[in-house]
Protein chains: 2
Amino acid sequence: MTRGRPIAFSPDQATSAAMQVFWARGYDSASTRDLLDAMQISRSSLYQAYGNKEQLFLEAMRRYRDNLLVRLAKRSEAAPSALAFIEGLFLDTAAEAGSERAALGCLIFNSAGELGQREGLAAEEARRSLDAITALFQQVIVAAQRQGDIDAQRDSKALATYLTMGMAGLRTLLKSTQDRAATQAAATMFLASLR
Amino acid sequence: MTRGRPIAFSPDQATSAAMQVFWARGYDSASTRDLLDAMQISRSSLYQAYGNKEQLFLEAMRRYRDNLLVRLAKRSEAAPSALAFIEGLFLDTAAEAGSERAALGCLIFNSAGELGQREGLAAEEARRSLDAITALFQQVIVAAQRQGDIDAQRDSKALATYLTMGMAGLRTLLKSTQDRAATQAAATMFLASLR
DNA sequence: CCGATTCTGGACTGATCAATCCATATTACA
DNA sequence: TGTAATATGGATTGATCAGTCCAGAATCGG
């Protein structure tokens, strides 16, 4: 079916490399030069395969989001309970304080902050991703309510928003403080409201 | 004493105008063209008066921070109690959901997110400003403890970090959601941990 | 092996970036 | 009024930006 010269790079690997660049540098600050170097492809190939920088970002963002959701789902399954999953997630994230990983933050929260209410596909995708995180949190909250760890009378949507807010705050904190003790204490206080 | 032609613009007003631009567009994305237009001065005047874009940002950031701290201090004095001040601050901020003001965010949290652990004076100033917010929160916490509204045994530094985390999360949330009810509910849950 | 098809390296484009520079304007002081 | 000092407008610089283009390379079906 397909005729002509086949592409000489793995689109999967290229998208992942681009994702790393957007993650570390942000949407605006990631130059096509940075992206090309990381993806190890030529300029022509990038524009041939993705169209433009914005489309590449959309792909990278979806990749990140899908990876994240799968990873969280697995972690959730492995956890002894839905509430334990949430608590572990926040405490482990807080424990990253001072590490290189903490400085990177999360591509979704980074992008939500950078692109905010801007117009355009990139900003929309960032909002969509944030909504996806809230939706996942809501599922977990409902599960915790079924398991009797969280009062079933409480509004699961509001609780999910609370978790998204907490993770966003934690991520921002991790970006500029090295104080692990204070960060972990803050995360612990945050979780107290769930019980 | 001073000889030669006097400057034809108000440095105060110019710095404030620059502050608005950095606030709305972020550090990297604020071009000198944007700044010049808003400040209503010529390129020469900018470089004469501030040296470069980074120094201008430092001035703008200090201005923003000083304004904010003064405003918060006044608001704190006017509040019936330290705890009421904190609660009012968070609830009023949450109530901004969907407004243009909410989309702007806070220059300090915006910059902390954008500049993160980057090197350079701009990033350092952003971290300093975040620390200043935490320091102010800590003062208020201590006051609330004296007033008997918060258990005096609790670590005021950790509580202050908790508040900074909460405000950072709230600001991120406000940037990408229009859902005021969920945002306000999340803020209310957040405050519950203080009591 | 040939022609059609697709991919790729890298030169190129025009826009924009932060910053510099210089001629001119405007003031203070003598 | 003249001179030193400082400010200003705007042209200019060289780097970098996202994106285009084209010549050549690679692979296909026949």
# chains A, B, ... in the order shown; residues from 1 in each chain; ligands from 1

$ residues_around --residues "region 7-13 of chain B" --least-positions-apart "6" --cutoff "9 Å" --atoms "only C-alpha atoms (C1' of nucleotides)" --output "list in words"
Met39, Gln40, Ile41, Ser45 and Ala49 of chain B; DT6, DA7 and DT8 of chain D

$ write_last_selection --atoms "C-alpha atoms (C1' of nucleotides)" --output "mmCIF file, in the first residue's frame"
data_model
loop_
_atom_site.group_PDB
_atom_site.id
_atom_site.type_symbol
_atom_site.label_atom_id
_atom_site.label_comp_id
_atom_site.auth_asym_id
_atom_site.auth_seq_id
_atom_site.Cartn_x
_atom_site.Cartn_y
_atom_site.Cartn_z
ATOM 1 C CA MET B 39 5.501 51.948 29.976
ATOM 2 C CA GLN B 40 5.213 54.657 27.328
ATOM 3 C CA ILE B 41 8.924 55.276 27.243
ATOM 4 C CA SER B 45 15.057 55.230 28.544
ATOM 5 C CA ALA B 49 16.890 53.509 33.790
ATOM 6 C "C1'" DT D 6 21.991 63.499 31.087
ATOM 7 C "C1'" DA D 7 17.773 61.790 28.502
ATOM 8 C "C1'" DT D 8 15.563 60.387 24.371
#

$ residues_around --residues "region 22-28 of chain B" --least-positions-apart "6" --cutoff "9 Å" --atoms "only C-alpha atoms (C1' of nucleotides)" --output "ChimeraX atom specification"
/A:28-29,114 /B:35,54,57,60-61,103-108,110-111,114-115,122

$ atom_distance --atom1 "CA of Thr164 (chain A)" --atom2 "CA of Leu91 (chain B)"
17.0 Å

$ select_by_dssp --residues "region 24-97 of chain A" --states "helix (DSSP H, G or I)" --output "PyMOL selection string"
chain A and resi 24-25+32-39+43-50+53-78+82-94

$ residues_around --residues "Gln184 (chain A)" --least-positions-apart "2" --cutoff "9 Å" --atoms "only C-alpha atoms (C1' of nucleotides)" --output "list in words"
Phe90, Leu91, Asp92, Thr93, Ala94, Ala95, Ala97, Asp179, Arg180, Ala181, Ala182, Ala186, Ala187, Thr188 and Met189 of chain A; Ala158 of chain B

$ interface_residues --of "chain B" --to "chain A" --cutoff "6 Å" --atoms "only C-alpha atoms" --output "list in words"
Ala103, Gly113, Gly116, Gln117, Arg127, Ala158, Tyr162, Met165, Gly166, Ala168, Gly169, Leu170, Thr172, Lys175, Ser176, Ala182, Ala185, Ala186 and Ser193 of chain B

$ write_last_selection --atoms "N, CA and C atoms" --output "PDB file, in the first residue's frame"
ATOM      1  N   ALA B 103      -7.946  34.770  35.752  1.00  0.00           N
ATOM      2  CA  ALA B 103      -7.083  34.321  34.660  1.00  0.00           C
ATOM      3  C   ALA B 103      -5.676  34.902  34.780  1.00  0.00           C
ATOM      4  N   GLY B 113       6.154  29.357  39.193  1.00  0.00           N
ATOM      5  CA  GLY B 113       5.892  28.245  38.291  1.00  0.00           C
ATOM      6  C   GLY B 113       6.732  28.323  37.030  1.00  0.00           C
ATOM      7  N   GLY B 116      10.690  28.567  38.263  1.00  0.00           N
ATOM      8  CA  GLY B 116      11.030  27.383  39.036  1.00  0.00           C
ATOM      9  C   GLY B 116      12.427  27.392  39.593  1.00  0.00           C
ATOM     10  N   GLN B 117      13.146  26.350  39.308  1.00  0.00           N
ATOM     11  CA  GLN B 117      14.498  26.215  39.843  1.00  0.00           C
ATOM     12  C   GLN B 117      15.532  26.746  38.864  1.00  0.00           C
ATOM     13  N   ARG B 127      11.589  33.149  44.026  1.00  0.00           N
ATOM     14  CA  ARG B 127      11.640  32.302  45.220  1.00  0.00           C
ATOM     15  C   ARG B 127      11.586  33.154  46.490  1.00  0.00           C
ATOM     16  N   ALA B 158       5.077  24.938  59.360  1.00  0.00           N
ATOM     17  CA  ALA B 158       4.398  23.939  58.537  1.00  0.00           C
ATOM     18  C   ALA B 158       3.019  24.439  58.116  1.00  0.00           C
ATOM     19  N   TYR B 162       1.637  25.172  54.424  1.00  0.00           N
ATOM     20  CA  TYR B 162       0.341  24.623  54.018  1.00  0.00           C
ATOM     21  C   TYR B 162      -0.503  25.702  53.334  1.00  0.00           C
ATOM     22  N   MET B 165       0.955  26.530  49.919  1.00  0.00           N
ATOM     23  CA  MET B 165       0.581  25.440  49.013  1.00  0.00           C
ATOM     24  C   MET B 165      -0.877  25.590  48.574  1.00  0.00           C
ATOM     25  N   GLY B 166      -1.730  25.916  49.503  1.00  0.00           N
ATOM     26  CA  GLY B 166      -3.143  26.063  49.186  1.00  0.00           C
ATOM     27  C   GLY B 166      -3.406  27.206  48.227  1.00  0.00           C
ATOM     28  N   ALA B 168      -1.268  28.527  46.170  1.00  0.00           N
ATOM     29  CA  ALA B 168      -0.684  28.167  44.874  1.00  0.00           C
ATOM     30  C   ALA B 168      -1.633  27.255  44.107  1.00  0.00           C
ATOM     31  N   GLY B 169      -2.204  26.293  44.788  1.00  0.00           N
ATOM     32  CA  GLY B 169      -3.125  25.379  44.146  1.00  0.00           C
ATOM     33  C   GLY B 169      -4.382  26.083  43.677  1.00  0.00           C
ATOM     34  N   LEU B 170      -4.864  26.966  44.523  1.00  0.00           N
ATOM     35  CA  LEU B 170      -6.061  27.734  44.182  1.00  0.00           C
ATOM     36  C   LEU B 170      -5.812  28.576  42.933  1.00  0.00           C
ATOM     37  N   THR B 172      -3.646  28.077  40.561  1.00  0.00           N
ATOM     38  CA  THR B 172      -3.541  27.216  39.374  1.00  0.00           C
ATOM     39  C   THR B 172      -4.932  26.797  38.912  1.00  0.00           C
ATOM     40  N   LYS B 175      -6.866  29.388  37.089  1.00  0.00           N
ATOM     41  CA  LYS B 175      -6.391  29.668  35.733  1.00  0.00           C
ATOM     42  C   LYS B 175      -7.044  28.799  34.687  1.00  0.00           C
ATOM     43  N   SER B 176      -7.562  27.646  35.100  1.00  0.00           N
ATOM     44  CA  SER B 176      -8.090  26.785  34.043  1.00  0.00           C
ATOM     45  C   SER B 176      -9.505  26.278  34.264  1.00  0.00           C
ATOM     46  N   ALA B 182     -17.305  24.459  42.609  1.00  0.00           N
ATOM     47  CA  ALA B 182     -16.321  23.442  42.986  1.00  0.00           C
ATOM     48  C   ALA B 182     -15.086  24.100  43.602  1.00  0.00           C
ATOM     49  N   ALA B 185     -15.914  25.207  47.102  1.00  0.00           N
ATOM     50  CA  ALA B 185     -16.028  24.038  47.978  1.00  0.00           C
ATOM     51  C   ALA B 185     -14.637  23.520  48.332  1.00  0.00           C
ATOM     52  N   ALA B 186     -13.744  23.512  47.340  1.00  0.00           N
ATOM     53  CA  ALA B 186     -12.372  23.039  47.573  1.00  0.00           C
ATOM     54  C   ALA B 186     -11.672  23.952  48.583  1.00  0.00           C
ATOM     55  N   SER B 193      -8.850  22.225  57.670  1.00  0.00           N
ATOM     56  CA  SER B 193      -7.686  21.654  58.370  1.00  0.00           C
ATOM     57  C   SER B 193      -7.079  22.590  59.396  1.00  0.00           C
TER      58      SER B 193
END

$ interface_residues --of "chain A" --to "chain D" --cutoff "7 Å" --atoms "only C-alpha atoms (C1' of nucleotides)" --output "mmCIF file with C-alpha atoms, in the first residue's frame"
data_model
loop_
_atom_site.group_PDB
_atom_site.id
_atom_site.type_symbol
_atom_site.label_atom_id
_atom_site.label_comp_id
_atom_site.auth_asym_id
_atom_site.auth_seq_id
_atom_site.Cartn_x
_atom_site.Cartn_y
_atom_site.Cartn_z
ATOM 1 C CA ARG A 3 4.876 3.675 -1.448
ATOM 2 C CA GLY A 4 8.017 5.712 -1.276
ATOM 3 C CA ARG A 5 10.761 6.057 1.264
ATOM 4 C CA PRO A 6 9.766 4.919 4.748
#

$ closest_atom_pairs --of "chain C" --to "chain A" --cutoff "6 Å" --atoms "only C-alpha atoms (C1' of nucleotides)" --output "Markdown table"
| residue | atom | partner | partner_atom | distance |
| --- | --- | --- | --- | --- |
| C:DT5 | C1' | A:Gly4 | CA | 4.4 |
| C:DT6 | C1' | A:Gly4 | CA | 4.2 |
| C:DC7 | C1' | A:Arg5 | CA | 5.5 |

$ atom_distance --atom1 "CA of Arg154 (chain A)" --atom2 "CA of Gln145 (chain B)"
29.2 Å
